[in-house]
>>> print(open('input-v4.cif').read())   # mmCIF, C-alpha atoms and all ligand atoms
data_my_file
#
loop_
_atom_site.label_atom_id
_atom_site.label_comp_id
_atom_site.auth_asym_id
_atom_site.auth_seq_id
_atom_site.Cartn_x
_atom_site.Cartn_y
_atom_site.Cartn_z
CA MET A 1 78.87 103.52 122.10
CA ASP A 2 77.43 102.04 118.90
CA LEU A 3 74.49 99.71 119.39
CA LEU A 4 72.27 97.41 117.40
CA GLN A 5 68.74 96.70 118.53
CA ARG A 6 66.27 94.09 117.30
CA ALA A 7 62.50 94.39 117.55
CA ILE A 8 59.25 92.86 116.37
CA SER A 9 56.18 94.98 115.65
CA SER A 10 53.38 94.31 118.13
CA ASP A 11 51.12 93.07 115.35
CA ARG A 12 53.87 90.52 114.47
CA ARG A 13 54.00 91.57 110.84
CA PHE A 14 57.53 92.94 110.78
CA ARG A 15 60.87 92.50 112.32
CA VAL A 16 63.15 95.50 112.50
CA VAL A 17 66.85 95.79 113.23
CA ALA A 18 68.36 99.22 113.78
CA ALA A 19 72.01 100.10 114.29
CA VAL A 20 73.75 103.31 115.22
CA THR A 21 77.26 103.00 113.78
CA THR A 22 78.77 106.47 114.13
CA ASP A 23 81.81 105.46 116.19
CA LEU A 24 82.76 102.42 114.14
CA VAL A 25 82.41 104.28 110.84
CA ARG A 26 84.57 107.08 112.26
CA GLU A 27 87.15 104.53 113.36
CA ALA A 28 87.17 102.90 109.91
CA CYS A 29 87.64 106.31 108.25
CA ARG A 30 90.45 107.20 110.64
CA ARG A 31 92.27 103.94 109.93
CA HIS A 32 91.85 104.19 106.17
CA GLU A 33 92.40 107.95 106.10
CA ILE A 34 89.24 108.68 104.15
CA GLY A 35 86.36 111.13 104.41
CA GLY A 36 83.71 112.73 102.23
CA ALA A 37 82.15 110.53 99.57
CA GLU A 38 84.34 107.54 100.49
CA ALA A 39 83.19 107.78 104.11
CA ILE A 40 79.58 107.60 102.92
CA VAL A 41 80.27 104.53 100.78
CA LEU A 42 82.26 102.68 103.41
CA GLY A 43 79.89 103.74 106.19
CA ARG A 44 76.78 102.53 104.40
CA ALA A 45 78.47 99.22 103.61
CA LEU A 46 79.80 98.68 107.16
CA THR A 47 76.37 99.46 108.60
CA ALA A 48 74.65 97.07 106.20
CA GLY A 49 77.19 94.40 107.20
CA CYS A 50 76.27 94.83 110.88
CA LEU A 51 72.58 94.47 110.07
CA LEU A 52 73.12 91.35 107.95
CA SER A 53 75.31 89.41 110.38
CA THR A 54 72.86 89.58 113.26
CA LEU A 55 69.70 88.22 111.64
CA THR A 56 69.62 84.78 113.20
CA LYS A 57 69.90 83.68 116.80
CA THR A 58 73.16 81.79 116.24
CA ASP A 59 76.32 83.29 117.70
CA LYS A 60 78.38 82.05 114.75
CA GLU A 61 76.79 84.19 112.09
CA ARG A 62 79.03 86.03 109.68
CA ALA A 63 78.36 88.13 106.61
CA ARG A 64 80.74 89.19 103.90
CA LEU A 65 79.78 91.81 101.37
CA GLU A 66 81.75 92.49 98.27
CA LEU A 67 80.79 95.25 95.88
CA ARG A 68 82.58 94.76 92.60
CA GLY A 69 81.72 98.01 90.90
CA SER A 70 83.26 99.57 87.82
CA GLY A 71 83.41 103.05 89.37
CA PRO A 72 86.52 104.95 90.51
CA LEU A 73 86.34 103.55 94.05
CA GLY A 74 87.07 99.99 92.99
CA ARG A 75 85.90 97.16 95.21
CA VAL A 76 84.37 97.50 98.66
CA LEU A 77 84.80 94.60 101.10
CA ILE A 78 83.05 94.15 104.43
CA ASP A 79 83.32 91.32 106.94
CA SER A 80 80.96 91.36 109.92
CA ARG A 81 80.13 88.94 112.72
CA SER A 82 77.23 88.28 115.05
CA ASP A 83 79.27 89.46 118.06
CA GLY A 84 78.92 92.99 116.66
CA SER A 85 82.44 93.28 115.24
CA VAL A 86 82.89 94.52 111.71
CA ARG A 87 85.79 95.44 109.47
CA GLY A 88 86.00 96.66 105.91
CA PHE A 89 87.77 98.75 103.34
CA ILE A 90 87.56 100.34 99.93
CA GLN A 91 90.05 98.82 97.56
CA ARG A 92 90.66 102.03 95.70
CA PRO A 93 92.98 101.69 92.70
CA GLU A 94 96.44 103.13 93.39
CA GLU A 95 96.14 105.96 90.91
CA ALA A 96 92.68 107.17 92.03
CA SER A 97 92.44 110.48 93.85
CA ALA A 98 89.86 111.45 96.48
CA SER A 99 86.41 111.73 94.94
CA PRO A 100 84.52 115.03 95.12
CA LEU A 101 81.22 114.90 96.98
CA PRO A 102 78.47 113.90 94.52
CA GLY A 103 75.14 115.68 94.33
CA SER A 104 72.07 114.67 96.29
CA ILE A 105 68.56 113.71 95.25
CA GLY A 106 65.70 114.05 97.72
CA GLY A 107 68.15 115.01 100.47
CA ARG A 108 70.32 111.98 99.92
CA ILE A 109 73.87 112.10 98.54
CA ARG A 110 74.02 109.73 95.58
CA VAL A 111 77.23 107.70 95.49
CA GLY A 112 76.16 105.32 92.69
CA ASP A 113 78.52 106.82 90.11
CA LEU A 114 81.49 106.27 92.40
CA VAL A 115 80.56 102.62 92.91
CA GLY A 116 79.58 102.04 89.29
CA SER A 117 77.90 99.04 87.78
CA GLY A 118 78.92 95.47 88.49
CA LEU A 119 78.15 92.79 91.02
CA LEU A 120 77.23 92.48 94.66
CA VAL A 121 78.43 89.23 96.22
CA VAL A 122 76.98 88.36 99.61
CA THR A 123 78.32 85.43 101.60
CA ARG A 124 76.27 84.43 104.63
CA ASP A 125 77.65 81.97 107.10
CA ILE A 126 75.38 80.86 109.93
CA GLY A 127 77.63 78.12 111.27
CA LEU A 128 76.38 75.40 108.92
CA GLU A 129 78.79 73.31 106.89
CA ASN A 130 78.72 75.52 103.81
CA PRO A 131 78.23 79.25 103.73
CA TYR A 132 75.51 80.54 101.43
CA GLN A 133 76.58 82.83 98.62
CA GLY A 134 74.33 85.01 96.50
CA VAL A 135 75.22 87.29 93.62
CA VAL A 136 73.10 90.07 92.16
CA GLU A 137 73.88 92.85 89.76
CA LEU A 138 74.34 96.25 91.39
CA SER A 139 71.14 98.15 90.68
CA THR A 140 71.95 101.72 91.72
CA GLY A 141 75.32 101.48 93.47
CA GLU A 142 73.81 103.19 96.52
CA ILE A 143 74.72 100.06 98.53
CA ASP A 144 71.66 99.79 100.79
CA GLU A 145 69.40 99.74 97.73
CA ASP A 146 71.53 97.00 96.17
CA ILE A 147 71.54 94.89 99.31
CA GLU A 148 67.80 95.35 99.73
CA LEU A 149 67.35 94.01 96.23
CA TYR A 150 69.63 91.09 97.03
CA LEU A 151 67.55 90.19 100.11
CA GLY A 152 64.32 90.25 98.13
CA ARG A 153 65.62 88.30 95.17
CA SER A 154 68.23 85.96 96.49
CA GLU A 155 66.86 85.22 99.94
CA GLN A 156 63.20 85.88 99.07
CA LEU A 157 62.72 88.08 102.10
CA PRO A 158 60.78 91.22 101.25
CA SER A 159 62.95 93.87 102.91
CA ALA A 160 63.45 97.57 103.28
CA LEU A 161 67.02 98.60 104.07
CA GLY A 162 68.32 102.09 104.66
CA CYS A 163 71.89 102.89 105.70
CA ASP A 164 73.33 106.37 105.72
CA VAL A 165 76.14 108.58 106.85
CA VAL A 166 75.75 112.29 107.56
CA LEU A 167 78.95 114.30 107.16
CA ASP A 168 80.08 117.32 109.13
CA ALA A 169 81.27 120.52 107.43
CA HIS A 170 84.79 119.07 107.01
CA GLY A 171 83.73 115.82 105.35
CA GLY A 172 84.11 113.87 108.60
CA VAL A 173 81.49 111.46 109.92
CA LEU A 174 78.88 113.28 112.01
CA ARG A 175 76.50 110.32 112.34
CA ALA A 176 75.90 106.92 110.79
CA ALA A 177 73.07 104.45 111.17
CA GLY A 178 70.96 101.88 109.40
CA VAL A 179 67.61 100.17 109.65
CA LEU A 180 66.46 96.88 108.17
CA CYS A 181 62.76 95.95 108.11
CA GLN A 182 61.55 92.56 106.96
CA THR A 183 58.22 90.81 106.81
CA PHE A 184 57.92 87.37 108.32
CA PRO A 185 57.70 84.43 105.90
CA GLY A 186 54.44 84.77 104.03
CA GLY A 187 54.65 88.58 104.10
CA THR A 188 54.36 90.47 100.85
CA PRO A 189 56.51 93.07 99.11
CA GLU A 190 53.49 95.41 99.29
CA GLU A 191 53.53 95.34 103.08
CA ILE A 192 57.19 96.27 103.13
CA GLY A 193 56.54 98.96 100.50
CA GLU A 194 54.19 100.75 102.91
CA LEU A 195 56.89 100.72 105.54
CA ARG A 196 59.66 101.88 103.25
CA GLY A 197 58.05 105.28 102.81
CA SER A 198 58.55 106.26 106.44
CA LEU A 199 62.31 105.97 106.76
CA PHE A 200 64.12 105.50 103.49
CA GLY A 201 65.20 107.61 100.57
CA GLY A 202 66.49 110.84 102.11
CA SER A 203 64.47 110.50 105.32
CA LEU A 204 67.02 108.53 107.32
CA GLY A 205 69.70 111.13 106.64
CA ASP A 206 67.28 113.86 107.77
CA LEU A 207 66.60 112.02 111.02
CA LEU A 208 70.32 111.64 111.66
CA ARG A 209 70.83 115.39 111.76
CA GLN A 210 69.98 114.81 115.41
CA GLU A 211 71.46 112.12 117.55
CA ARG A 212 69.19 109.04 117.59
CA THR A 213 69.10 105.77 119.46
CA PRO A 214 68.36 102.47 117.70
CA SER A 215 65.00 102.21 119.46
CA GLU A 216 64.03 105.69 118.22
CA LEU A 217 64.91 104.59 114.68
CA ILE A 218 62.73 101.50 115.12
CA GLY A 219 59.87 103.75 116.23
CA PHE A 220 60.28 105.92 113.14
CA ALA A 221 60.49 102.88 110.86
CA LEU A 222 57.24 101.47 112.20
CA GLY A 223 55.55 104.85 111.92
CA GLY A 224 55.04 105.06 115.66
CA GLU A 225 53.46 101.60 115.81
CA ALA A 226 54.25 99.74 119.01
CA SER A 227 57.02 97.19 119.03
CA GLU A 228 58.63 94.70 121.35
CA LEU A 229 62.33 95.32 121.69
CA SER A 230 64.57 92.30 122.02
CA THR A 231 68.35 91.83 121.89
CA THR A 232 70.81 94.69 122.02
CA ILE A 233 74.34 94.16 120.67
CA PRO A 234 77.26 96.60 121.05
CA LEU A 235 78.97 97.24 117.72
CA VAL A 236 82.66 97.87 117.13
CA PHE A 237 85.18 98.14 114.30
CA ARG A 238 87.54 95.25 114.94
CA CYS A 239 89.94 93.33 112.74
CA HIS A 240 91.23 89.79 113.18
CA CYS A 241 94.73 90.30 111.86
CA ASP A 242 97.79 89.75 114.06
CA PRO A 243 101.59 89.42 113.73
CA ALA A 244 101.36 85.62 113.24
CA ARG A 245 99.07 86.09 110.24
CA ALA A 246 101.35 88.75 108.75
CA ARG A 247 104.29 86.36 109.18
CA ALA A 248 102.34 83.57 107.47
CA ILE A 249 101.65 85.86 104.50
CA LEU A 250 105.36 86.62 104.18
CA ALA A 251 106.21 82.94 104.59
CA SER A 252 103.94 82.09 101.66
CA LEU A 253 106.37 84.00 99.40
CA GLY A 254 108.98 81.29 99.87
CA ALA A 255 112.51 81.32 101.26
CA ASP A 256 114.24 82.79 98.19
CA ASP A 257 111.92 85.77 97.91
CA LEU A 258 112.27 86.40 101.63
CA ASP A 259 116.06 86.57 101.23
CA ASP A 260 115.58 89.02 98.36
CA LEU A 261 113.31 91.19 100.50
CA ALA A 262 115.86 91.11 103.29
CA GLY A 263 118.43 92.49 100.85
CA GLU A 264 116.38 95.62 100.32
CA PRO A 265 117.01 98.61 102.56
CA GLY A 266 114.85 98.97 105.68
CA PRO A 267 112.28 96.65 107.21
CA THR A 268 109.60 94.91 105.14
CA GLU A 269 106.05 95.86 105.92
CA VAL A 270 102.81 93.92 105.57
CA ARG A 271 99.74 96.12 105.72
CA CYS A 272 96.32 94.67 106.54
CA SER A 273 93.83 95.89 103.93
CA TYR A 274 90.89 95.54 106.31
CA CYS A 275 92.14 97.76 109.11
CA GLY A 276 95.34 99.43 107.93
CA ALA A 277 97.51 97.84 110.66
CA ARG A 278 101.16 97.51 109.68
CA TYR A 279 103.41 94.62 110.65
CA SER A 280 107.08 94.96 109.93
CA MET A 281 109.99 92.52 109.85
CA THR A 282 113.66 93.44 109.88
CA PRO A 283 116.13 91.89 107.38
CA SER A 284 117.47 89.56 110.06
CA GLU A 285 113.96 88.39 110.95
CA LEU A 286 113.30 87.75 107.26
CA HIS A 287 116.51 85.69 106.92
CA ALA A 288 115.55 83.75 110.03
CA LEU A 289 112.10 83.01 108.58
CA ALA A 290 113.68 81.90 105.29
CA ASP A 291 116.04 79.57 107.17
CA GLU A 292 113.11 78.16 109.12
CA LEU A 293 111.25 77.44 105.88
CA ARG A 294 114.32 75.70 104.39
CA SER A 295 114.82 73.56 107.49
CA HIS A 296 111.15 72.46 107.27
CA ARG A 297 111.62 71.53 103.64
CA SER A 298 114.74 69.41 104.17
ZN ZN B 301 93.61 94.02 110.18
#
>>> encode(input="input-v4.cif", output="structure tokens", more="lines below")
Ligand SMILES: [Zn+2]
Amino acid sequence: MDLLQRAISSDRRFRVVAAVTTDLVREACRRHEIGGAEAIVLGRALTAGCLLSTLTKTDKERARLELRGSGPLGRVLIDSRSDGSVRGFIQRPEEASASPLPGSIGGRIRVGDLVGSGLLVVTRDIGLENPYQGVVELSTGEIDEDIELYLGRSEQLPSALGCDVVLDAHGGVLRAAGVLCQTFPGGTPEEIGELRGSLFGGSLGDLLRQERTPSELIGFALGGEASELSTTIPLVFRCHCDPARARAILASLGADDLDDLAGEPGPTEVRCSYCGARYSMTPSELHALADELRSHRS
């Protein structure tokens, strides 16, 4: 089972959150029928989402990440919640074909060219009236590096973030995990810089060649320094779509368009971008929905 673990270093200088996300990244790849380079991109982003939506003590926290890159993958969207559920997808343009696996630097596969240049939009909702939104330019397109930069600049929290996916020989997900280290308010970027050396760059991927627990990853991040472990949260890929929502999307087309759709052969399908679930309506159901809309209008 995938788990997220929070900890504070015994000297109270750092807080660390580590997540093992192998199962949820596998599930996302299965639903979206992707592997290889795409699995690395989506896996890093899903893992970062899990780490960002569990930073406060509130149970209403939610994080949305949107990478608007110019690369062949198109946009990447992630939606994660403090209960440990996360969903996400790569909005690959229709005509794009599967990307070959890019080369690696320092033991790490570089996906920046697939993501391209553009913007990272982070929306953080911690249950207050208005969610907070921050936008930064993508720096490398490696996802964790971009989000780390966002945390330092936009939220002024010196941070070190590493998220990675290790593939098996067939391009499937062997393991996925991420670690976020932050100083407490008043901490300096230099302090976090010291920490970054121990786990990031290609080192996290190297560690993941063996199965690891979140608390082991915390130990590696803190260079063996003692820490106090706190909350553990189970993580899961879960979407919030359902037949009622799919029906509402169809209803928004209007009665006339629904009748047109009903005239086409076969059932009409609504596919959820986040999880790939398909909801279908038969022509008679579409006519019935159109009639319902007309009766509401009159
Ligand atoms: Zn869905």
>>> residues_near_ligand(input="input-v4.cif", ligand="ligand ZN 301 (chain B)", cutoff="6 Å", atoms="only C-alpha atoms and all ligand atoms", output="MDAnalysis selection string")
chainID A and resid 239:241 272 274:275 277
>>> closest_residue(input="input-v4.cif", among="A:Arg247, A:Arg271, A:Arg6, A:Arg15", to="Cys181 in chain A", atoms="all atoms listed in the file")
A:Arg15
>>> closest_atom_pairs(input="input-v4.cif", of="range 162-186 of chain A", to="range 100-119 of chain A", cutoff="10 Å", atoms="all atoms listed in the file", output="tab-separated table")
residue	atom	partner	partner_atom	distance
A:Asp164	CA	A:Arg108	CA	8.6
A:Val165	CA	A:Ile109	CA	9.3
A:Val166	CA	A:Ile109	CA	9.2
A:Gly171	CA	A:Leu101	CA	8.8
>>> closest_residue(input="input-v4.cif", among="A:Asp259, A:Val16, A:Thr183, A:Leu51", to="Phe220 in chain A", atoms="only C-alpha atoms")
A:Val16
>>> closest_residue(input="input-v4.cif", among="A:Ile78, A:Leu258, A:Val17, A:Leu174", to="Glu211 in chain A", atoms="only C-alpha atoms")
A:Leu174
>>> atom_distance(input="input-v4.cif", atom1="CA of Ile143 in chain A", atom2="CA of Leu67 in chain A")
8.2 Å
>>> closest_residue(input="input-v4.cif", among="A:Gly84, A:Pro234, A:Gly35, A:Gly74", to="Leu55 in chain A", atoms="all atoms listed in the file")
A:Gly84
>>> closest_residue(input="input-v4.cif", among="A:Val136, A:Val122, A:Ala18, A:Leu73", to="Leu199 in chain A", atoms="only C-alpha atoms")
A:Ala18
>>> residues_around(input="input-v4.cif", residues="Phe200 in chain A", least_positions_apart="6", cutoff="9 Å", atoms="only C-alpha atoms", output="list in words")
Ala160, Leu161, Gly162, Cys163, Val179 and Ala221 of chain A
>>> closest_residue(input="input-v4.cif", among="A:Val41, A:Glu129, A:Val20, A:Ala288", to="Leu204 in chain A", atoms="only C-alpha atoms")
A:Val20
>>> atom_distance(input="input-v4.cif", atom1="CA of Tyr150 in chain A", atom2="CA of Ala48 in chain A")
12.0 Å
>>> atom_distance(input="input-v4.cif", atom1="CA of Asp125 in chain A", atom2="CA of Glu66 in chain A")
14.3 Å
>>> residues_around(input="input-v4.cif", residues="Thr47 in chain A", least_positions_apart="6", cutoff="12 Å", atoms="all atoms listed in the file", output="NGL selection string")
:A and (2-4 or 17-26 or 28 or 39-41 or 53-54 or 63 or 65 or 78-81 or 84-88 or 143-144 or 147 or 161-165 or 175-180 or 235-237)
>>> write_last_selection(input="input-v4.cif", atoms="C-alpha atoms", output="JSON list (two decimals), keeping the file's coordinate frame")
[["chain", "number", "residue", "atom", "x", "y", "z"],
["A", 2, "ASP", "CA", 77.43, 102.04, 118.90],
["A", 3, "LEU", "CA", 74.49, 99.71, 119.39],
["A", 4, "LEU", "CA", 72.27, 97.41, 117.40],
["A", 17, "VAL", "CA", 66.85, 95.79, 113.23],
["A", 18, "ALA", "CA", 68.36, 99.22, 113.78],
["A", 19, "ALA", "CA", 72.01, 100.10, 114.29],
["A", 20, "VAL", "CA", 73.75, 103.31, 115.22],
["A", 21, "THR", "CA", 77.26, 103.00, 113.78],
["A", 22, "THR", "CA", 78.77, 106.47, 114.13],
["A", 23, "ASP", "CA", 81.81, 105.46, 116.19],
["A", 24, "LEU", "CA", 82.76, 102.42, 114.14],
["A", 25, "VAL", "CA", 82.41, 104.28, 110.84],
["A", 26, "ARG", "CA", 84.57, 107.08, 112.26],
["A", 28, "ALA", "CA", 87.17, 102.90, 109.91],
["A", 39, "ALA", "CA", 83.19, 107.78, 104.11],
["A", 40, "ILE", "CA", 79.58, 107.60, 102.92],
["A", 41, "VAL", "CA", 80.27, 104.53, 100.78],
["A", 53, "SER", "CA", 75.31, 89.41, 110.38],
["A", 54, "THR", "CA", 72.86, 89.58, 113.26],
["A", 63, "ALA", "CA", 78.36, 88.13, 106.61],
["A", 65, "LEU", "CA", 79.78, 91.81, 101.37],
["A", 78, "ILE", "CA", 83.05, 94.15, 104.43],
["A", 79, "ASP", "CA", 83.32, 91.32, 106.94],
["A", 80, "SER", "CA", 80.96, 91.36, 109.92],
["A", 81, "ARG", "CA", 80.13, 88.94, 112.72],
["A", 84, "GLY", "CA", 78.92, 92.99, 116.66],
["A", 85, "SER", "CA", 82.44, 93.28, 115.24],
["A", 86, "VAL", "CA", 82.89, 94.52, 111.71],
["A", 87, "ARG", "CA", 85.79, 95.44, 109.47],
["A", 88, "GLY", "CA", 86.00, 96.66, 105.91],
["A", 143, "ILE", "CA", 74.72, 100.06, 98.53],
["A", 144, "ASP", "CA", 71.66, 99.79, 100.79],
["A", 147, "ILE", "CA", 71.54, 94.89, 99.31],
["A", 161, "LEU", "CA", 67.02, 98.60, 104.07],
["A", 162, "GLY", "CA", 68.32, 102.09, 104.66],
["A", 163, "CYS", "CA", 71.89, 102.89, 105.70],
["A", 164, "ASP", "CA", 73.33, 106.37, 105.72],
["A", 165, "VAL", "CA", 76.14, 108.58, 106.85],
["A", 175, "ARG", "CA", 76.50, 110.32, 112.34],
["A", 176, "ALA", "CA", 75.90, 106.92, 110.79],
["A", 177, "ALA", "CA", 73.07, 104.45, 111.17],
["A", 178, "GLY", "CA", 70.96, 101.88, 109.40],
["A", 179, "VAL", "CA", 67.61, 100.17, 109.65],
["A", 180, "LEU", "CA", 66.46, 96.88, 108.17],
["A", 235, "LEU", "CA", 78.97, 97.24, 117.72],
["A", 236, "VAL", "CA", 82.66, 97.87, 117.13],
["A", 237, "PHE", "CA", 85.18, 98.14, 114.30]]
>>> residues_around(input="input-v4.cif", residues="Ala290 in chain A", least_positions_apart="5", cutoff="12 Å", atoms="all atoms listed in the file", output="list in words")
Arg247, Ala248, Leu250, Ala251, Ser252, Leu253, Gly254, Ala255, Asp256, Asp257, Leu258, Asp259, Asp260, Leu261, Ala262, Pro283, Ser284, Glu285, Ser295, His296 and Arg297 of chain A
